[in-house]
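Structure first, commentary second.
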There are 2 protein chains.
Amino acid sequence: MYLELDGQGPLYDQLTRALKGSILDGRIAAGTQLPPTRELAEELELSRTTVLAAYEQLRAEGFIDGRVGSGSYVSDLQARPSTHHSDTTIAPPSRYAQRAREVRDWDIPRIHRGVRYNLQYCNPLINPALNNAWGRELARAAAYTRLNVSDVAGSHALRKQTCEYLARRRGVQAQPDDVLIVSGTQQAIDLAARVLLNEGDRVVLEEPHYFSAHQALVAHGAELAAVHTDGEGLICDELPPQSPRLIYVTPSHHFPTGAVLSLPRRLELLRYAEQHQCWILEDDYDGEFRYDAHPLAALRALDDGDRVIYVGTFSKVMFGGLRLAYMVLPAALRMDFLNAKYLSDIACPVIEQAALAHFMEDGGFERHLRLARKELKARREALVAGLKEHARDRVEIGDTPAGMHLVVWLRGYDAERCHALTTYAHEHGLGLYPIAPLYLYPPKRQGLLLGYCGLSVAELREAMSLFGHCLDHFEGV
Amino acid sequence: MYLELDGQGPLYDQLTRALKGSILDGRIAAGTQLPPTRELAEELELSRTTVLAAYEQLRAEGFIDGRVGSGSYVSDLQARPSTHHSDTTIAPPSRYAQRAREVRDWDIPRIHRGVRYNLQYCNPLINPALNNAWGRELARAAAYTRLNVSDVAGSHALRKQTCEYLARRRGVQAQPDDVLIVSGTQQAIDLAARVLLNEGDRVVLEEPHYFSAHQALVAHGAELAAVHTDGEGLICDELPPQSPRLIYVTPSHHFPTGAVLSLPRRLELLRYAEQHQCWILEDDYDGEFRYDAHPLAALRALDDGDRVIYVGTFSKVMFGGLRLAYMVLPAALRMDFLNAKYLSDIACPVIEQAALAHFMEDGGFERHLRLARKELKARREALVAGLKEHARDRVEIGDTPAGMHLVVWLRGYDAERCHALTTYAHEHGLGLYPIAPLYLYPPKRQGLLLGYCGLSVAELREAMSLFGHCLDHFEGV
């Protein structure tokens with residue numbers, strides 16, 4: 001019996017594989033008696049135990065019949081499926097998958113990897129002290145936490161801490177039972193789509209807007225209505241007369257322009273939602289980072305009609321790979337969101353939740369936020385000073401003293417020239433991110449998002465000097 | 001000006017809230033000039049700084065106009081939404097949410113909390129040594145891991161370790177690019193539903209079957225076709241003539257009966273999938289725990305047609321609250337699953353992935369598995385011995401030497417008597433779990449799932465003695 005062992009892993013495994021291959025290929029026909037174990041062991045220079053183990057395994061998997069000792073016979077397996085299927089017709093995937101393909105194929109902003117000064121946005125500040133502090137919290141939590149799945153809604157301790165934080169910092173009054181811990185803002189948006197939207201339902205979102213929210217909603221089958229924003233946020237007069245099912249907004253700090261939704265507009269938006277019986281998804285993605293005054297109270301804090309689904313995230317203020325966020329749910333929707341969360345992934349991981357609850361309770365979270373706020377403020381100031389010195393009146397700074405990036409509008413640039421600018425900047429070591437891909441319709445003016453989480457104050461100064469040179473290059477072009 | 005502070009949090013916050021309340025109530029009308037800060041400070045016995053901070057905040061939020069110092073005037077906010085909405089008509093939730101309500105309302109197996117001997121299934125073994133070992137891994141990972149979101153597919157190191165593990169233990173040959181790290185088996189099922197199924201598409205599942213898979217598929221809108229199982233697993237002759245889109249199976253160890261899908265049936269199932277151009281979701285939820293021979297190779301290992309979506313979980317072999325599982329994806333579906341994962345929640349948490357990759361690389365994972373296998377084998381043997389001694393021929397043991405629970409079939413019990421038995425057992429401190437809720441149609445015979453992860457060998461012996469007493473009570477009833 002010719003058998004070639006492939007040298008991978010334990011010998012009995014190699015032998016099992018070799019025998020299976022021969023049986024499946026038909027080289028050893030159905031009904032054939034396999035050689036006695038002792039004989040095969042001698043032939044292959046293996047121990048008899050190895051051969052016994054291989055036969056035992058083949059028997060367990062149904063490749064051979066009969067007890068070891070009384071003779072082992074190759075089973076009748078009938079014909080196998082043919083082994084090559086390059087011409088197999090693949091049925092189309094679901095409508096969801098087809099839409100997801102389309103949205104994921106869009107002109108996603110290019111990430112400038114490997115450039116010296118990368119002004120990427122959306123990534124939080126890296127605080128090197130956090131790695132160790134967080135490691136201690138995790139080790140502590142792992143030692144003390146019951147490792148079974150907890151509540152679908154999330155750890156009670158974390159929900160309690162979240163409520164205290166929301167009352168203190170965001171003006172939102174909530175009880176732990178109103179809170180659902182989710183795997184990041186993206187999951188919050190996805191759950192909202194599942195719970196609220198059928199294919200074809202209308203959703204209002206800001207123009208421009210958060211790209212991944214847009215993608216998730218379109219993949220879900222939503223019909224989008226983009227409403228323009230100005231310096232006071234969403235222009236409520238432009239809300240559609242046909243009732244949408246859902247309005248997705250970023251009132252504390254409009255993404256990406258930074259506009260703060262004014263109080264009259266907040267009230268108007270709440271009235272509209274009531275009249276049209278629709279829900280508002282308030283994405284408070286970085287409401288915490290405000291450098292002039294106290295953070296503004298959330299829209300949810302004004303929401304007597306219980307129509308605002310509030311979403312806040314820990315990933316943005318801690319680190320992106322944490323994947324923890326929270327929702328405050330209107331009473332009418334609570335059970336539906338819990339159902340959707342359970343059916344999606346049961347619940348969030350227990351240890352990270354326990355670690356975060358303790359980090360908040362113990363004051364580490366507030367200390368981290370204070371440090372981050374101070375550092376981000378310094379960076380923002382350096383960025384603005386650099387822009388004033390080097391970019392001068394060639395850009396208009398969309399200045400809201402908040403957040404983790406800044407928008408500059410380019411004077412006298414069309415889409416083509418903006419593209420040439422970012423290409424030129426990339427070649428000279430500067431990663432710039434245009435705002436245009438964050439619009440549903442082509443924007444009237446071109447702008448850039450300058451993220452300042454990834455560069456130090458000194459690097460930001462250098463980056464702005466380089467930015468000035470890039471603008472010089474396009475002067476009069 | 002009458003203002004009542006509520007005593008919650010910093011004074012300026014209290015004052016801000018009190019002023020807002022008065023403005024929103026109309027007690028302070030639009031256009032009213034607020035008292036100068038010094039005056040209000042004296043009146044309320046607060047520091048002037050506190051009043052200044054409150055005014056500043058009100059101004060920032062748009063409640064008052066004018067600069068502090070030159071007089072502050074209450075803004076015109078127009079009418080607020082009315083504050084009571086008990087009669088608000090709530091639009092119905094999505095079809096998904098409605099179906100989810102129905103399935104989550106089903107007769108879910110009652111969890112016996114607080115009983116002395118709880119034979120609950122589905123929870124993994126608690127290994128007290130794991131808490132500390134895992135805490136060390138987490139602290140290590142937190143110190144060394146980049147905290148940004150990693151790849152949508154999951155950490156490359158973890159995918160590589162998963163491939164090595166799959167080749168070694170499950171006979172599955174896969175490359176890291178074929179693997180997607182997901183948040184538990186539940187998410188794998190949910191993603192498969194999204195990628196493959198439109199509402200109304202047919203899905204085959206085993207009868208009986210894993211409850212939460214059933215729920216997720218129905219909520220998604222699938223039409224279920226339940227195919228019976230016997231001692232060799234899914235009865236392939238009963239597969240429907242109309243092509244389903246997806247077949248959900250547990251071939252290594254049918255959940256819940258423990259039957260192993262025989263080799264001829266595996267091949268027949270693969271042929272059927274090819275003929276009908278449908279996909280197979282192989283849920284290998286506890287293929288690792290086999291106490292007689294080596295674990296059987298996975299169905300995916302026989303799948304030359306690339307039609308099997310393989311799912312394995314770390315949560316079942318480590319701990320439930322870990323929420324990490326992995327999928328091996330057919331090439332034709334890879335991009336669609338990555339899209340769906342990204343749109344659902346971007347990616348899994350980075351630190352737990354890094355910790356697990358190192359735990360696997362370092363051998364800790366295999367050590368943990370060996371210990372768990374040994375302990376579970378001892379418990380299973382104690383359970384079987386106890387059944388033979390105390391339940392005797394009143395039950396039939398569905399004995400596959402594998403897994404984390406055991407099925408016993410009750411002789412001479414109908415549904416009503418079975419319910420009486422579990423109720424009586426509960427009252428006497430024994431938590432028993434009937435198999436009937438895991439069927440789509442009422443089963444012909446009654447059985448129980450006896451989970452042995454939560455009780456020690458000694459406790460299992462006592463539990464079986466108590467089980468014997470419970471059966472005695474129903475003798476001749």
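Naming works like this for the structure tokens: A, B, ... for the chains as they're shown, residue 1 at the start of each chain, ligands 1 onward in shown order.
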
Closest contacts (stretch 237-337 of chain B/stretch 194-198 of chain B, max 12 Å, only C-alpha atoms) as JSON lines:
```
{"residue": "B:Pro244", "atom": "CA", "partner": "B:Leu197", "partner_atom": "CA", "distance": 10.0}
{"residue": "B:Arg245", "atom": "CA", "partner": "B:Leu197", "partner_atom": "CA", "distance": 7.1}
{"residue": "B:Leu246", "atom": "CA", "partner": "B:Leu196", "partner_atom": "CA", "distance": 7.6}
{"residue": "B:Ile247", "atom": "CA", "partner": "B:Leu196", "partner_atom": "CA", "distance": 11.1}
{"residue": "B:Cys278", "atom": "CA", "partner": "B:Leu196", "partner_atom": "CA", "distance": 9.6}
{"residue": "B:Trp279", "atom": "CA", "partner": "B:Leu196", "partner_atom": "CA", "distance": 8.5}
{"residue": "B:Ile280", "atom": "CA", "partner": "B:Leu196", "partner_atom": "CA", "distance": 10.8}
{"residue": "B:Leu281", "atom": "CA", "partner": "B:Leu196", "partner_atom": "CA", "distance": 10.8}
{"residue": "B:Ile309", "atom": "CA", "partner": "B:Leu196", "partner_atom": "CA", "distance": 11.3}
{"residue": "B:Leu329", "atom": "CA", "partner": "B:Val195", "partner_atom": "CA", "distance": 11.9}
{"residue": "B:Ala332", "atom": "CA", "partner": "B:Val195", "partner_atom": "CA", "distance": 11.5}
{"residue": "B:Leu333", "atom": "CA", "partner": "B:Val195", "partner_atom": "CA", "distance": 8.2}
{"residue": "B:Arg334", "atom": "CA", "partner": "B:Val195", "partner_atom": "CA", "distance": 10.1}
{"residue": "B:Met335", "atom": "CA", "partner": "B:Val195", "partner_atom": "CA", "distance": 10.0}
{"residue": "B:Asp336", "atom": "CA", "partner": "B:Val195", "partner_atom": "CA", "distance": 6.3}
{"residue": "B:Phe337", "atom": "CA", "partner": "B:Val195", "partner_atom": "CA", "distance": 6.5}
```

Strand (DSSP E) residues, from DSSP on the backbone, in stretch 277-367 of chain A, as a list of chain:residue names: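 So the strand (DSSP E) residues in stretch 277-367 of chain A would be A:Trp279, A:Ile280, A:Leu281, A:Glu282, A:Asp283, A:Val308, A:Ile309, A:Tyr310, A:Val311, A:Gly312, A:Thr313, A:Ala325, A:Tyr326, A:Met327, A:Val328.
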
Polymer residues at most 8 Å from stretch 338-355 of chain B, only C-alpha atoms, same-chain spacing of 3 or more positions, as a VMD selection string: (chain A and resid 97 100 to 101 104 183 to 187 190 212 215 to 216 321 to 323) or (chain B and resid 134 137 to 138 140 to 142 145 147 to 155 157 to 158 180 to 183 191 194 to 195 324 334 to 335 358 to 359)

Non-local contacts of B:Ala53 (9 Å; only C-alpha atoms; under 2 positions in same chain excluded) as a list in words: Ala293 and His294 of chain A; Tyr12, Asp13, Thr16, Arg48, Thr49, Thr50, Val51, Tyr55, Glu56, Gln57 and Leu58 of chain B

File of the preceding selection, all heavy atoms, as a short mmCIF file (atom, residue, chain, number, x, y, z; two decimals), in the first residue's frame:
```cif
data_model
loop_
_atom_site.label_atom_id
_atom_site.label_comp_id
_atom_site.auth_asym_id
_atom_site.auth_seq_id
_atom_site.Cartn_x
_atom_site.Cartn_y
_atom_site.Cartn_z
N ALA A 293 -16.32 76.18 26.99
CA ALA A 293 -17.23 76.19 28.13
C ALA A 293 -17.55 74.75 28.51
O ALA A 293 -16.88 73.83 28.07
CB ALA A 293 -18.50 76.93 27.74
N HIS A 294 -18.53 74.57 29.31
CA HIS A 294 -18.98 73.23 29.62
C HIS A 294 -19.60 72.64 28.36
O HIS A 294 -20.12 73.38 27.54
CB HIS A 294 -20.02 73.29 30.73
CG HIS A 294 -19.61 74.23 31.82
ND1 HIS A 294 -18.47 74.02 32.56
CD2 HIS A 294 -20.14 75.39 32.23
CE1 HIS A 294 -18.34 75.02 33.41
NE2 HIS A 294 -19.32 75.87 33.23
N TYR B 12 -23.01 75.76 39.83
CA TYR B 12 -23.36 76.45 38.58
C TYR B 12 -24.29 75.58 37.73
O TYR B 12 -25.15 76.07 37.03
CB TYR B 12 -22.11 76.88 37.79
CG TYR B 12 -21.36 75.76 37.11
CD1 TYR B 12 -21.82 75.24 35.89
CD2 TYR B 12 -20.22 75.21 37.66
CE1 TYR B 12 -21.16 74.20 35.26
CE2 TYR B 12 -19.54 74.18 37.05
CZ TYR B 12 -20.03 73.67 35.85
OH TYR B 12 -19.37 72.64 35.25
N ASP B 13 -24.12 74.26 37.84
CA ASP B 13 -25.01 73.34 37.12
C ASP B 13 -26.42 73.44 37.67
O ASP B 13 -27.40 73.44 36.91
CB ASP B 13 -24.52 71.90 37.31
CG ASP B 13 -23.77 71.40 36.11
OD1 ASP B 13 -23.65 72.16 35.13
OD2 ASP B 13 -23.32 70.25 36.14
N THR B 16 -27.85 76.68 36.49
CA THR B 16 -28.18 76.60 35.06
C THR B 16 -29.48 75.86 34.86
O THR B 16 -30.38 76.29 34.13
CB THR B 16 -27.05 75.87 34.30
OG1 THR B 16 -25.80 76.46 34.63
CG2 THR B 16 -27.25 75.94 32.79
N ARG B 48 -20.19 85.06 42.72
CA ARG B 48 -20.47 85.66 41.43
C ARG B 48 -19.96 84.76 40.30
O ARG B 48 -20.57 84.68 39.22
CB ARG B 48 -19.84 87.06 41.35
CG ARG B 48 -20.48 87.86 40.23
CD ARG B 48 -19.85 89.22 40.07
NE ARG B 48 -20.25 89.79 38.79
CZ ARG B 48 -19.57 90.74 38.15
NH1 ARG B 48 -18.47 91.23 38.67
NH2 ARG B 48 -20.00 91.18 36.99
N THR B 49 -18.84 84.09 40.54
CA THR B 49 -18.28 83.17 39.55
C THR B 49 -19.30 82.10 39.15
O THR B 49 -19.42 81.73 37.99
CB THR B 49 -17.03 82.44 40.11
OG1 THR B 49 -16.41 83.29 41.04
CG2 THR B 49 -16.10 82.01 39.02
N THR B 50 -20.00 81.59 40.14
CA THR B 50 -21.00 80.56 39.87
C THR B 50 -22.08 81.10 38.94
O THR B 50 -22.46 80.45 37.96
CB THR B 50 -21.64 80.09 41.20
OG1 THR B 50 -20.61 79.59 42.03
CG2 THR B 50 -22.70 79.03 40.97
N VAL B 51 -22.55 82.30 39.24
CA VAL B 51 -23.61 82.87 38.41
C VAL B 51 -23.08 83.15 37.00
O VAL B 51 -23.75 82.87 36.00
CB VAL B 51 -24.18 84.15 39.07
CG1 VAL B 51 -25.27 84.75 38.18
CG2 VAL B 51 -24.73 83.83 40.45
N TYR B 55 -24.64 81.72 33.52
CA TYR B 55 -25.06 82.59 32.42
C TYR B 55 -24.31 82.22 31.14
O TYR B 55 -24.89 82.16 30.05
CB TYR B 55 -24.80 84.06 32.77
CG TYR B 55 -25.86 84.71 33.65
CD1 TYR B 55 -26.68 83.97 34.49
CD2 TYR B 55 -26.03 86.10 33.65
CE1 TYR B 55 -27.63 84.56 35.29
CE2 TYR B 55 -26.99 86.72 34.46
CZ TYR B 55 -27.80 85.93 35.29
OH TYR B 55 -28.73 86.54 36.07
N GLU B 56 -23.01 81.96 31.29
CA GLU B 56 -22.17 81.61 30.14
C GLU B 56 -22.70 80.35 29.45
O GLU B 56 -22.81 80.27 28.23
CB GLU B 56 -20.73 81.39 30.63
CG GLU B 56 -19.67 81.27 29.55
CD GLU B 56 -19.50 82.56 28.77
OE1 GLU B 56 -19.82 83.66 29.30
OE2 GLU B 56 -19.05 82.46 27.62
N GLN B 57 -23.07 79.41 30.30
CA GLN B 57 -23.60 78.16 29.77
C GLN B 57 -24.93 78.39 29.06
O GLN B 57 -25.16 77.87 27.96
CB GLN B 57 -23.76 77.15 30.93
CG GLN B 57 -24.31 75.80 30.52
CD GLN B 57 -23.32 75.00 29.68
OE1 GLN B 57 -22.13 75.34 29.63
NE2 GLN B 57 -23.79 73.97 28.99
N LEU B 58 -25.80 79.17 29.67
CA LEU B 58 -27.10 79.45 29.06
C LEU B 58 -26.92 80.16 27.72
O LEU B 58 -27.62 79.90 26.75
CB LEU B 58 -27.96 80.32 29.99
CG LEU B 58 -28.46 79.61 31.26
CD1 LEU B 58 -29.11 80.62 32.20
CD2 LEU B 58 -29.46 78.51 30.89
#
```

Among the residues B:Tyr326, B:Phe319, B:Tyr144, B:Phe255, the one that comes closest to B:Ile189 [using only C-alpha atoms]: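 Looking only at the distances to B:Ile189, the closest residue turns out to be B:Tyr326.
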
Residues near B:Asp283, cut-off 8 Å, only C-alpha atoms, skip fewer than 4 positions along chain, as a list in words: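 Neighbouring residues, sequence-local ones excluded: Thr185, Tyr248, Val249, Thr250, Pro251, Tyr310, Val311 and Gly312 of chain B.
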
Å distance separating atom CA of B:Leu406 from atom CA of B:Ala458, one decimal place: 17.2 Å

Residues flagged helix (DSSP H, G or I) by DSSP in stretch 186-364 of chain B, as a PyMOL selection string: chain B and resi 186-196+211-220+236-238+263-275+299-302+320-322+331-345+350-361+364

Minimum-distance residue to chain A, chosen among B:His214, B:Arg136, B:Arg445, B:Arg159 (using only C-alpha atoms):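 Checking each candidate against chain A, we get B:Arg136 as the closest.
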
Interatomic distance, atom CA of B:Leu299 to atom CA of A:Gln33 (Å, one decimal): 25.4 Å

Among the residues A:Asn127, A:Gln446, A:Thr37, A:Ser72, the one that comes closest to chain B [using only C-alpha atoms]: A:Asn127

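Atom CA of B:Met464 lies 12.9 Å from atom CA of B:Arg394.
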